[in-house]
Structure formats: C-alpha cells, structure tokens
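Okay, so here's the structure we're looking at.
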Amino acid sequence: MVSQIQPPTQPEVIYPDSDGQPVANNTIQFGWIVEIKQNIEWLFANDPNVFVAGDLFWYPVEGRNKIVNAPDVMVVLGRPKGDRLCYQQWKEEGIAPQVVFEILSPSNTQTEMDKKLLFYDRYGVEEYYIYDPDRNNLRGWLRSEDGLDVIPQMEDWVSPLLKIRFVPSSEGLQLYRPDGERFLTYTEISRNAEQERQRAEQERQRAELAEQARRDAIPRLLQMNLSIEQIAQALGLSVEEVRTLAQE
C-alpha cells in the first residue's frame, strides 16, 4: 500500500486585539478621543453601514499580524455597525478605514507619527487628521492620485466624506456637524440626554393628567344632559371613545 504524504499544515495566525498599552496617556487626549468618536457615531446613528471605532487594532493584510495600527478614531463607510475584537480588513470586503483621527500626547514622537502617516498612506486612508491639544495645532491630509497630500488650509475645512467642519481658534479646536451643531463633550451629551428624558417624562405626565381630566368630565357632562355627540365634540374625542369611557 502506498501512503500519501499529507502537506504540512500552516500554523494559525493570531491577530492580537491588545498590546497592553493604555488608550490614552492623559485625560485631555482621552477626552478628545471620546468626543470625536461619540459625535461621529451620533452623526451616523441612523446609518447601519457606518462603523466607528476608537483605539481598535486594524490589520490590513491577511496573514501579516505585524502589519497593524490602532487609530485613535477610525471611520469605515460601507461596513455594518457591531462589536469587533479587531478590524481584519480581508473580512470586511477589503474596505479600509476611510477617515482616521490621531490625538497627540506628549509621549508621541515625530518618528512614530511619520510611521503612522506612511501606514495610512500605504493602506488606503482617504482623510487623515492629527490634533495636538497641548499646542492647539491641527493638521490634515487628503488622498489624491499620488497618495495622502497635506491640506494647506485647515480653517473652516469641511471633510469631504463626513461633512464635518473644522474650526481652529486661539481657544482650541471646534468641530461642527453638517447641520451646524457643535460637537458636544460626553458631559454635554449626557446632560442633554437627561434633559430630554425629563421633558419626555413631563410630557407623559401631562398627557396622563389630560386623559384623566377628560375621563372625569364625561360623567359630569352626562349629568348635564349633554349628548354623547356633544361631549365628544367638546372634549375632542370620537363618539366611540366617549361611549367606551362612559362605560368604564
């Protein structure tokens, strides 16, 4: 009997989802990462095919787990929302993150940032933005036929893909949604959400009180010998509603 020699199996490639390093080195950097990520998620909340992530490992090449980067914020248009341990591009229809943000901290070196620019240029990023909150310095790159080119003027720059507007000033960077609303901090978003919850609760209570007042009015109006039709007209209800409430 002739035995067949089995080809050697390829070892499984592991794609780590963490390098043990913190997301941010200080509260200022972390605050900016959270603000940009959450506001962009809010902006595209109703579009199921926009994926936004913060500090997520991005592997652009299958089988090459040393080729990896973790943008502070990345936006992928055309991919569904949902949790991921890492972004493996070959499992995402080959779609690279189109927009990337980096927020500098004092520990970032020029060599490190140069390598990131080369990475994003090589692997298909369309728009790349760096903000240094300590120096209040904003820079941007936009893809052309030759790769990522520097955006010469960032004041009032509007992202071609996200439609958000960048407004640098002496007081710091402001970002604006396409509808003109300013990006909000996490605290502002939470405060607005709580205020909206309170308004909704107050409206619910007002509606319940109004409904109860109509219910209470029906027996009194019937005792005044008003017809069902007259009561319905007076209370803004249908005849059927009045009959039902009168029987309760």
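Going through the structure tokens in order, the chains are called A, B, and so on, while each chain numbers its residues from 1 and the ligands are numbered from 1 in the order shown.
For Gly124 in chain A, the list of residues within 9 Å, based on only C-alpha atoms and with local chain neighbours fewer than 4 positions off taken out, reads Ile95, Ala96, Pro97, Gln98, Phe119, Tyr120, Arg143, Gly147 and Leu148 of chain A.
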>> Would you pick out the contacts of Met113 in chain A at 10 Å or less, using only C-alpha atoms, so that residues sharing its chain but fewer than 5 positions from it are not included, and give the list as a PyMOL selection string?
In response: chain A and resi 102+104+108+118-119+130
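Computed from the coordinates, the CA of Gly78 in chain A to CA of Asn49 in chain A distance equals 5.0 Å.
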>> Residues near Asp83 in chain A, anyone? I mean within 12 Å using only C-alpha atoms, not counting same-chain ones fewer than 6 positions away, as a ChimeraX atom specification.
In response: /A:51-54,56
Output the selection as an mmCIF file, in the first residue's frame - C-alpha atoms for each residue.
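Written file, result_35.cif:
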data_model
loop_
_atom_site.group_PDB
_atom_site.id
_atom_site.type_symbol
_atom_site.label_atom_id
_atom_site.label_comp_id
_atom_site.auth_asym_id
_atom_site.auth_seq_id
_atom_site.Cartn_x
_atom_site.Cartn_y
_atom_site.Cartn_z
ATOM 1 C CA PHE A 51 -18.626 51.615 11.597
ATOM 2 C CA VAL A 52 -16.822 53.900 14.057
ATOM 3 C CA ALA A 53 -14.161 52.692 16.475
ATOM 4 C CA GLY A 54 -11.634 54.061 18.918
ATOM 5 C CA LEU A 56 -9.132 49.349 17.610
#
> Which residues, written as JSON, numbers by chain, have at least one atom at most 12 Å from Asp17 in chain A, with only C-alpha atoms counted and residues fewer than 2 positions away on the same chain left out?
Replying inline: {"A": [14, 15, 19, 20, 21, 55, 56, 57, 58, 59, 65, 68, 69, 70, 84, 85, 86, 87, 88]}
Written file, previous selection with N, CA and C atoms, as a PDB file, in the first residue's frame:
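Below is the file that was written, out13.pdb:
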ATOM      1  N   ILE A  14      -2.360  34.388  14.623  1.00  0.00           N
ATOM      2  CA  ILE A  14      -3.098  35.037  15.695  1.00  0.00           C
ATOM      3  C   ILE A  14      -3.018  36.550  15.491  1.00  0.00           C
ATOM      4  N   TYR A  15      -4.170  37.192  15.602  1.00  0.00           N
ATOM      5  CA  TYR A  15      -4.230  38.645  15.460  1.00  0.00           C
ATOM      6  C   TYR A  15      -4.601  39.247  16.811  1.00  0.00           C
ATOM      7  N   ASP A  19      -2.263  45.507  22.886  1.00  0.00           N
ATOM      8  CA  ASP A  19      -0.820  45.496  23.107  1.00  0.00           C
ATOM      9  C   ASP A  19      -0.465  45.832  24.548  1.00  0.00           C
ATOM     10  N   GLY A  20      -1.491  45.891  25.396  1.00  0.00           N
ATOM     11  CA  GLY A  20      -1.253  46.184  26.800  1.00  0.00           C
ATOM     12  C   GLY A  20      -1.029  47.645  27.115  1.00  0.00           C
ATOM     13  N   GLN A  21      -1.082  48.503  26.094  1.00  0.00           N
ATOM     14  CA  GLN A  21      -0.869  49.923  26.299  1.00  0.00           C
ATOM     15  C   GLN A  21      -2.209  50.624  26.551  1.00  0.00           C
ATOM     16  N   ASP A  55      -9.332  53.320  19.058  1.00  0.00           N
ATOM     17  CA  ASP A  55      -8.205  52.507  19.529  1.00  0.00           C
ATOM     18  C   ASP A  55      -8.401  51.021  19.209  1.00  0.00           C
ATOM     19  N   LEU A  56      -8.912  50.734  18.036  1.00  0.00           N
ATOM     20  CA  LEU A  56      -9.132  49.349  17.610  1.00  0.00           C
ATOM     21  C   LEU A  56      -8.012  48.933  16.660  1.00  0.00           C
ATOM     22  N   PHE A  57      -7.436  47.759  16.896  1.00  0.00           N
ATOM     23  CA  PHE A  57      -6.374  47.266  16.021  1.00  0.00           C
ATOM     24  C   PHE A  57      -6.925  47.041  14.612  1.00  0.00           C
ATOM     25  N   TRP A  58      -6.222  47.562  13.637  1.00  0.00           N
ATOM     26  CA  TRP A  58      -6.583  47.406  12.220  1.00  0.00           C
ATOM     27  C   TRP A  58      -5.476  46.618  11.532  1.00  0.00           C
ATOM     28  N   TYR A  59      -5.853  45.428  11.029  1.00  0.00           N
ATOM     29  CA  TYR A  59      -4.932  44.576  10.274  1.00  0.00           C
ATOM     30  C   TYR A  59      -5.325  44.646   8.799  1.00  0.00           C
ATOM     31  N   ASN A  65       0.402  39.623  10.779  1.00  0.00           N
ATOM     32  CA  ASN A  65      -0.060  40.223  12.025  1.00  0.00           C
ATOM     33  C   ASN A  65       0.906  41.250  12.603  1.00  0.00           C
ATOM     34  N   VAL A  68       0.090  46.344  11.533  1.00  0.00           N
ATOM     35  CA  VAL A  68      -1.071  46.692  12.339  1.00  0.00           C
ATOM     36  C   VAL A  68      -0.932  48.117  12.856  1.00  0.00           C
ATOM     37  N   ASN A  69      -2.057  48.765  13.037  1.00  0.00           N
ATOM     38  CA  ASN A  69      -2.087  50.073  13.671  1.00  0.00           C
ATOM     39  C   ASN A  69      -3.418  50.198  14.403  1.00  0.00           C
ATOM     40  N   ALA A  70      -3.464  51.088  15.380  1.00  0.00           N
ATOM     41  CA  ALA A  70      -4.688  51.304  16.156  1.00  0.00           C
ATOM     42  C   ALA A  70      -4.983  52.795  16.177  1.00  0.00           C
ATOM     43  N   ARG A  84     -16.325  44.355  17.409  1.00  0.00           N
ATOM     44  CA  ARG A  84     -15.234  43.615  16.811  1.00  0.00           C
ATOM     45  C   ARG A  84     -14.065  43.603  17.781  1.00  0.00           C
ATOM     46  N   LEU A  85     -13.358  42.488  17.860  1.00  0.00           N
ATOM     47  CA  LEU A  85     -12.142  42.446  18.668  1.00  0.00           C
ATOM     48  C   LEU A  85     -11.014  43.204  17.982  1.00  0.00           C
ATOM     49  N   CYS A  86     -11.020  43.159  16.658  1.00  0.00           N
ATOM     50  CA  CYS A  86     -10.076  43.916  15.848  1.00  0.00           C
ATOM     51  C   CYS A  86     -10.675  44.038  14.450  1.00  0.00           C
ATOM     52  N   TYR A  87     -10.103  44.909  13.643  1.00  0.00           N
ATOM     53  CA  TYR A  87     -10.622  45.118  12.290  1.00  0.00           C
ATOM     54  C   TYR A  87      -9.701  44.403  11.307  1.00  0.00           C
ATOM     55  N   GLN A  88     -10.135  43.226  10.851  1.00  0.00           N
ATOM     56  CA  GLN A  88      -9.379  42.448   9.876  1.00  0.00           C
ATOM     57  C   GLN A  88      -9.946  42.764   8.495  1.00  0.00           C
TER      58      GLN A  88
END
>> As an exercise, work out the distance from CA of Glu229 in chain A to CA of Val242 in chain A in Å and give it to one decimal place.
In response: 8.4 Å
> Where does DSSP see strand (DSSP E) in range 46-206 of chain A, if you list the residues as number ranges by chain?
Replying inline: A: 50-53, 58-59, 73-77, 87-88, 99-103, 127-132, 137-144, 147-150, 157-158, 165-167, 174-176
